[in-house]
Every structure is written in C-alpha cells, then in structure tokens.
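Novice: Quick one: the structure is below, questions incoming.
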Amino acid sequence: MPINPAAWKVGLDHYLYLSSLLFVFGMLGVLMRRNVIVILMCIELMLNAVNISFIAFSRYAENVNGQVMVFFVMTIAAAEAAVGLALAVTVFKKFREVNIRFFEHLKG
Amino acid sequence: MLSSQDFLFYFLGALSLIFGLGVVLYRNPIYSALCLVITMISVAGIFATLDAWFIAGVQLIVYAGAVTVLFVMVLMLFDLKHEMKTFSKGVIGNGVKLASSGVLLGMFSTYIWATYATEPTFKPMAAGATSSIKATKDLATSLFTSYLFAFEVIGLLLLVIAVGAVTLSRITGGTHHHAD
Amino acid sequence: MNNQVLFAILLLAPLVGFLINGFRWKSHNATLAGTIATAMVFISFLCSLGLVSQLFGANAVPSVGAKFFDWINVGGLQVPAAFVIDHISAIMVLVVTGVGTLIHLFSVGYMSHDERPAKYFAYLNLFLFNMLLLILGENLLLMFVGWEGVGLCSYLLIGFWFTDADKAAAGMKAFITNRIGDAGFLLGIFTLFFLFGTVSFSEIIARLPNLAEVGWSGPITLACLFLFVGATGKSAQIPLYVWLPDAMAGPTPVSALIHAATMVTAGVYMIVRLNPLFLLAPNALHVVATVGCATAFFAATIGLTQWDIKKILAYSTVSQLGYMFLACGVGAFGAGLFHVMTHAFFKALMFLGSGSVIHAMHEEQDVRKMGGLRKYLPITHATFLIGWLAIIGIPPFAGFFSKDEILWQSFSSPLGNKVLWIFGVATAGLTSFYMTRLMCLTFWGKSRVSKDVHPHEAPAVMWIPLAVLAVLSTVGGWIGIPAVIGGGDNWLERWFEGVIREPSAFGEPIHSHTLEWSAMGISLSLAVIMATLAYTFYVSNPSLPGRLTQKFHGLYRLIYNKYFVDEFYFGSLINPLVDASKGLWAYVDVNFIDRTTYVIGDVVRGVGSTAKSIQNGNMQQYAMYIALGLAVTMFLILR
C-alpha cells in the first residue's frame, strides 16, 4: 500500500465512511441474530454510528447543533435500552425464551 | 507520515469496526456485550478526536458505563441452559438481508465520495485548552437557551422511563395461554 | 261528459274489476265476483255506446279521441298515451264490450261451482282491459301493449286449471306460439318506424307515398309481411295455428270470448287498421290471401274428423279466421271486418251453447257420448240451431251476408282470383258438413247418453246470453246487405268509406250482377247439399261414416291426427331446441360458467393466502422488509 500522505489525511468523508460501515454492521445484526438481547445491543451500535456522523458534521460545519442532537440521541437511546431490557426480562419471566423466532403471535 | 490526529482516528476506527463486528458475530451473548463495551469506548475516543470533549465524556459515562452494564446484568439474569442458533436460517432471507445491506453501504459510500471527495478537510480549531472549554460552553449555552424546551422535555421523558421500567417489572399475568 | 272522461271510464272499468277481484282471488263466491266483473264490462259497454253515438247523426265526427299523457318522448320517437274511436274501431269496441258482457254473465252460471271464481273473473276483466287497449290505441306501441296483454291473459285463462299438467302445457303452447308471432309484429313496428319515423296509425297513413313512387315497395312489403307474421300468431293461421285447438283446455266461456270473438280477431283488426299500408304491397296481400284461404280449407278438413265438441268449434274458428284473412288479402277489408262481427256473434253463441251442453253433461265433451239432447236442452238447442244456420250461410242469418261478401270479393276483386274462390266455396261446403255433423251428433238422432248422466237445461243466467246472441246472429248481418239484394246502398260499405280504401290501383273489380247472383247461388246450394249429406251420414244412416273411414283409412288417419303437424313441430323444432338447451346447460353452464366462478374463487383465495404469508409474525423479516425498502428508496433518491 503506498503511503501517500495526501490521500491518508483524515477528512469528513473518512468519518462518514466509518459511520456508515458501523451502521450497516448494526443493521445486519438486527436482521440476523436470534437472541433478543443481542438485537438490542446491535440497535445501540447503530445509534452510535449515527452519533459519530452527527459529531463529524458538527465539527465540519463548526456548528454546535450536531452535538446538541447527539446529546438528545444519547439520552433517548439510554432510556429506550432500559425499557427494552425491562420488557425482555418480563417476557423471559413468562416464557423462559429469548429466541426471537419464538414470539410470532402477531401472525396473520 | 500521519499526524497524531490521523493515526488516532485510524486506530480507534479500526478498533470500533473490529469489535462492532464482534458484537454481531459472537455466539455467546456475553462476548457480544464485552465487544460492545470496547466499541463504545473507541467511539468515545473518536468523539474526542473531533474535539467534542463533553460528548465523549457523556458517552463514556452513559453508554459504556450504564447501558452496557445493564446489558450484561440482564444477560446474567437469563440463565440459558439450552443451545440456541446464532443466526436466523433461510437462504433467501439471509441473501436478501445481506444484499440490501450491501446496497445501502454502496449507496452511502458512493454518495459520500461524490459529495465530499473534494474539500473534506476540517478547518483547524483554535489551539490550546481554551478551545475545548469554549466548545463545551457553546454546547451548554445552546442547550439552555435555544433548546431549553427540548431539554426539559427530555428530563420529563427520563422520569417517565423510570416509572415505566419499574412498572414493567411488576407485571403479572398476560393474555397468552400456553402449556406450562 | 267530455270524451276524456268517457274514455277513461271505458278503459279503467275492467281494470278496476281486475283489481277488486284480484285482491279477493281466494274467494269462493262466484256470484259476487261475477256481478262485479259483469257490471264493469257493462259500464265499458255503455261508455263505448256514448262515444260511438257521436259518430252518428247530424253533427257526426269522423272519430273521437282522447289523449292522456305523453308516454314516450325520446329523440325522434314520440308516443302519446292516446286513444281513438273511428269507424273501424267503433264496430270492434261495441262487439268486444257487448259480447264480453254477455259472456261474463254466462260465466257467472258456468263457474258457479269452481274453486276460484274470483281469480277467473279477475283474469277475464284484465283480458278485456288489454283488448280495449289493443283496439282503441292510437299508435302501434299501445296496440302492442294490448296485444301482449291479451296473450298473457290467454295463457292465464287457458291454463286456469293448471293443476292438470296437460292444461298447463296448453297454456304454455299458446303463449309461446303467440310470442313467435309477436317477434314478427315487433319487427314490423321497427320497420315502419324506420320508414316513416312514427308509430301512430294516422301519421303513418298520412305519410304513405303513392304507389307509383319507386323504391318503396320492397321495404313496405317487408313491413307488411312482418306484421302478418304477428297476425298469424295471434289469429291462428298457418303455421302458428297449433295453439288454438289446444286452447280448448280452458273454461268454455274463455274459449267463447277469447278464442272466438275477440282476441283471435286482433290480427284481422290490425290489418284492417293499416289497410292503406297493405294496399301499397300487393305481394304481401297475395301472401295474406293465400295463407288465409289455405288455412280455411285445411282447418275445415280437420274439423270433419274431430270428436270433441270444443275442438270442432276450434277448428271451425281457425277456418273462419282464414276467411277473414282471405278477405283482407283480396282488398275487401270491410268484408273481413264484417265477418269478424258476425263471426263473433254466432261463434260465441255456439261456444256458449257448447258450454251449456258440457255443463248439462257434467263436463263430458265427447260427442260420441251425446245425441238427442234436443229433448233435454230445448233453449240451448234452439239458440244453437240459429248459430248453425248462421255459420253455414243460410239467409237471412248473419253469416250468409258476410261470408258471401268475402266469396264474391275473392272472385271479383282485382287482387282475387278463381282459385281462391273455388277453395273458399269448398271450405264453405266443408263447414256446412261438419257443423251439421256436430248438430246431428249432439242434438238430433238417437241418444247415446250414458245412463247415469241426467242432462238438465241451463239456468237463466246462462241461457239469457244465448238468447241475446241468437238475436244478434239473426239481425247482425242486415247492416251489410249487398246492393244486389237490398237494391239500395250497402250501409256498411258507406260506413267504411274514407277509412277503408279500395284496391282500385290494381285494376277494376268485376261488376256483374249475374255473376254475383250465381256465385251466391252456388255457395248456398252447396251449403244445403252438404248439410243434407251430413244429416244422412249421421242421423239416417249412422253406419255410413264408419264404412267410409274404413275404405279411406290412410287419409282418415292423416286428417284425424291433424296432419301430424304438432308431431312435426316437436320433432323438427322443439325437441332439437330442448336438446340443445340441455347440451348448453351441461357443457357451457356447468362446465364452463360454474367452473369459471369456482376458479375465480380459488384464485382469490390463493392470492389471499400468499399475501397472508407475508405477515408471519417474524420480526426480523419485517425488519428485513424495512431494510429492503430503505435500500430501494436510497437507490432511487441517490441515483
């Protein structure tokens, strides 16, 4: 790999590539994993990826609004993780199952 | 050679990617949770490279400190005895999932490349410690003036969440009948 | 009272009678139902008298009419609900309402023991209403409404005792055969509307072109032929006559009213109404005359061999209707209408008389079981005798004048020819023979009545109409006494002047008093000879007919079986049609149409269950759809 200093200089686009890659990893996890808790963790991963992109844009545009947005997103994400886990616990207490394919009661 | 800033980015980025992949791929959910912790920490580092010091701190405290701990505790609560398949089966389904993810990734990359290939560089920040304090001060000012209402509502939301979580844990009964 | 009110009462009285008796159709009270019905018809008769009287006298009008409302008003088609009585329909309306009243009166006695007399009288009143629509309608569409209506009532009344399958089948046969004719009639109406842009009688006649104008004869002939098809259906000519003998399954007063006096003459009436139109189509008139003459002769031959008293009269009716069409076909429309009137009198008389006989014989209709009834049924015999004399054409009774007028016209008219006259005279001879045969077998000679039947004379309510009709059969012909006899004017001929045109465009009729006298003489003597012959056959020498039928066994069998016409129709038309329908049902309906609906149901169910499988509760699949949608959307946006 030729080390061309100019091409390797980190810019906005690198952060965005990172963000999108992390996001896609998280999405794949949501789609393909069977454990409910792991799915929740992958959701957190997706949210983090989005946060990276917000902060990058905020730095690029020299605007503090991106960071405000991340502040709120983080709060909400934490709250949502708490509620989701409480639900998972309740469901587990009833059914003793964490396989998401077990809960297909809303079928048509 | 790379500047320290750049090197940090590449290192932390690689870290977060590898361990993010680990979250998705490990069969044991505890391993996934641990990978998630590392990912959170590296993301906090990435925030720091972008001069968002306050947010980095909040990331460490809230995510790495509280959320992942919560995950691990819940995982320990589920004392799973039986084996469980890791990934959902079905070739067509998996194929479609991978394909759509790939397409999305391609879209994002192409768009980013098309838009930001020229002039992607960040303007340099004002040097010194004062810049970080100034950034935080700007954030605080913005939060408490322009976004005050949202800020207060978020507080209310947290209250609701707390009550909700407690209530959920006290639920008994349900409508689903199954052989026990 | 102004004309509109009179017309309204005239038309609506029978309808009101129908409604009253219709709502009470379960009633068993024949007297009450009959009184209502007869009263309504009598009211119509009085109204028609009132209207017709305006055509006489010092300030006579050529016609009286009334318009009630605009019935159809669409584009080029204007059809008012209007009615008119002119010189032609005056005679018809008086005959229909007058004879109708008498027959209603007779029915009160005849149907007194029936299960559902109120229903019967309701139908009878409905029939009269439709007949009045037919006669008085100012345009072809109103006439057609009445035409269809009388067909319907005919069906209802023939199949009145519908619990008997044969009688119900006879009703259906009448209706279906009628409908075939109606198709022709409708085509005629369409053609006329296409040619003249109107369906009103007076308008069509006004717009008729002169005979000399080229290019018109084809379409007008076509229209006339179509109309004649309708007439053959309604008035029982060849080939659609087959329903009339079977129609005898209905109660006898029905046969008298509908199948002798009124409905079957509707075809003749229609042609007479449109006589200027028909006079422009000589080919059509030739067809009419030929069919009429052939039917007359043909039906008379069948009438010779029948044993059912009503069937004999039925074939006689078909034959006499043939005469009427023969008259129209040679351009003697007035003579045809004259014969309609006289035939109404004597045929209704004879049908009612036969009804009295049947009633006396406790529903026995076979003449082989009758005989010598003169002793038991004197009044019936006397009146029937007058009817007999009228039909075989003995002066001064009614039939002589009208029938002779027809025969003379078929000889002398520019549209007539000798062949028609010869067959006409032959038919007159046959008529005389079989009617005398009927008299011999029923009233004269030795009694063959079985021991347990005690015939008794009819009650007054039944013989009074007989008496009235007998009087009419005697004097009815005197309004049309021809010039050669009366020495003066033919009153009827003058009455029809203006509304009935002469076929003068085709040449001069033969004016010869000598020939007229000799023709009259020939037909009269033939009638007397055949009557005597019949008397010999059936009273003096009863074994003679038996021996003759043995000798000509084949011919006798052919005629006795009505020339196998019904069998022919069944074999060639009806059975193939029924088989084709069954085939269509089995192959097209069950296999194809039903299967198509099942397939459609299955397809819908299949699509539904396929669509259902999308929602299987698998959350990750839902997430996959979201991701897929996102990918596609991003692709479309960021392309």
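Letters A, B, ... go to the chains of the structure tokens in the order shown; residues in each chain start at 1; ligands are counted from 1 in the same order.
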Per residue of chain A within 8 Å of chain B, which atom pair is closest and at what distance in Å (one decimal), using only C-alpha atoms, listed by chain and increasing number, as a tab-separated table?

Specialist:
```
residue	atom	partner	partner_atom	distance
A:Pro5	CA	B:Met1	CA	6.4
A:Trp8	CA	B:Leu2	CA	7.5
A:Lys9	CA	B:Asp6	CA	6.6
A:Val10	CA	B:Asp6	CA	5.7
A:Gly11	CA	B:Thr121	CA	4.5
A:Leu12	CA	B:Pro120	CA	5.1
A:Asp13	CA	B:Tyr116	CA	5.9
A:Leu16	CA	B:Ile112	CA	7.2
A:Tyr17	CA	B:Ser109	CA	6.5
A:Leu18	CA	B:Gly13	CA	6.9
A:Ser20	CA	B:Leu105	CA	6.7
A:Leu21	CA	B:Leu105	CA	6.9
A:Leu22	CA	B:Leu17	CA	6.4
A:Val24	CA	B:Ser101	CA	6.2
A:Phe25	CA	B:Leu21	CA	6.5
A:Gly26	CA	B:Val24	CA	7.2
A:Met27	CA	B:Ser101	CA	7.5
A:Leu28	CA	B:Ser101	CA	7.0
A:Gly29	CA	B:Val24	CA	5.0
A:Leu31	CA	B:Lys97	CA	7.0
A:Met32	CA	B:Phe87	CA	5.2
A:Arg33	CA	B:Phe87	CA	4.7
A:Arg34	CA	B:Phe87	CA	5.7
A:Asn35	CA	B:Thr86	CA	7.4
A:Ile37	CA	B:Phe71	CA	7.4
A:Val38	CA	B:Pro29	CA	6.3
A:Met41	CA	B:Ala33	CA	7.4
A:Cys42	CA	B:Val24	CA	7.0
A:Leu45	CA	B:Gly20	CA	7.3
A:Asn48	CA	B:Val43	CA	7.5
A:Ile52	CA	B:Phe47	CA	7.0
A:Ile55	CA	B:Phe47	CA	7.0
A:Ala56	CA	B:Leu50	CA	6.7
A:Arg59	CA	B:Leu50	CA	6.4
A:Tyr60	CA	B:Phe122	CA	5.5
A:Val64	CA	B:Leu139	CA	6.0
A:Asn65	CA	B:Ser142	CA	7.8
A:Gln67	CA	B:Leu139	CA	7.1
A:Val68	CA	B:Leu139	CA	6.7
A:Val70	CA	B:Ile55	CA	7.7
A:Phe71	CA	B:Ile55	CA	7.0
A:Phe72	CA	B:Ile154	CA	7.5
A:Met74	CA	B:Gln59	CA	7.7
A:Thr75	CA	B:Ile154	CA	7.6
A:Ile76	CA	B:Ile154	CA	7.9
A:Ala78	CA	B:Val67	CA	6.3
A:Ala79	CA	B:Ile161	CA	6.2
A:Ala81	CA	B:Val67	CA	7.1
A:Ala82	CA	B:Ala165	CA	7.0
A:Val83	CA	B:Ala165	CA	5.5
A:Leu85	CA	B:Val74	CA	7.2
A:Ala86	CA	B:Ala165	CA	5.9
A:Leu87	CA	B:Leu168	CA	6.6
A:Val89	CA	B:Val74	CA	7.3
A:Thr90	CA	B:Ser169	CA	6.2
A:Phe92	CA	B:Phe78	CA	7.6
A:Asn99	CA	B:Met84	CA	7.5
```

Novice: Should the cut-off be 8 Å, what would the residue list for chain A against chain C look like, counting only C-alpha atoms, as a list of chain:residue names?

Specialist: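 Per the criterion, chain A yields A:Val30, A:Leu31, A:Met32, A:Ile100, A:Arg101, A:Phe103, A:Glu104, A:His105, A:Leu106, A:Lys107, A:Gly108.
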
Novice: Smallest atom-to-atom distance to chain C: which of B:Phe149, B:Leu156, B:Lys137, B:Ile92, using only C-alpha atoms?

Specialist: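 Ranking B:Phe149, B:Leu156, B:Lys137, B:Ile92 by distance to chain C, first place goes to B:Ile92.
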
Novice: How far is it from CA of Val79 in chain C to CA of Val145 in chain C, in Å with one decimal?

Specialist: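 Rounded to one decimal, the two atoms are 12.5 Å apart.
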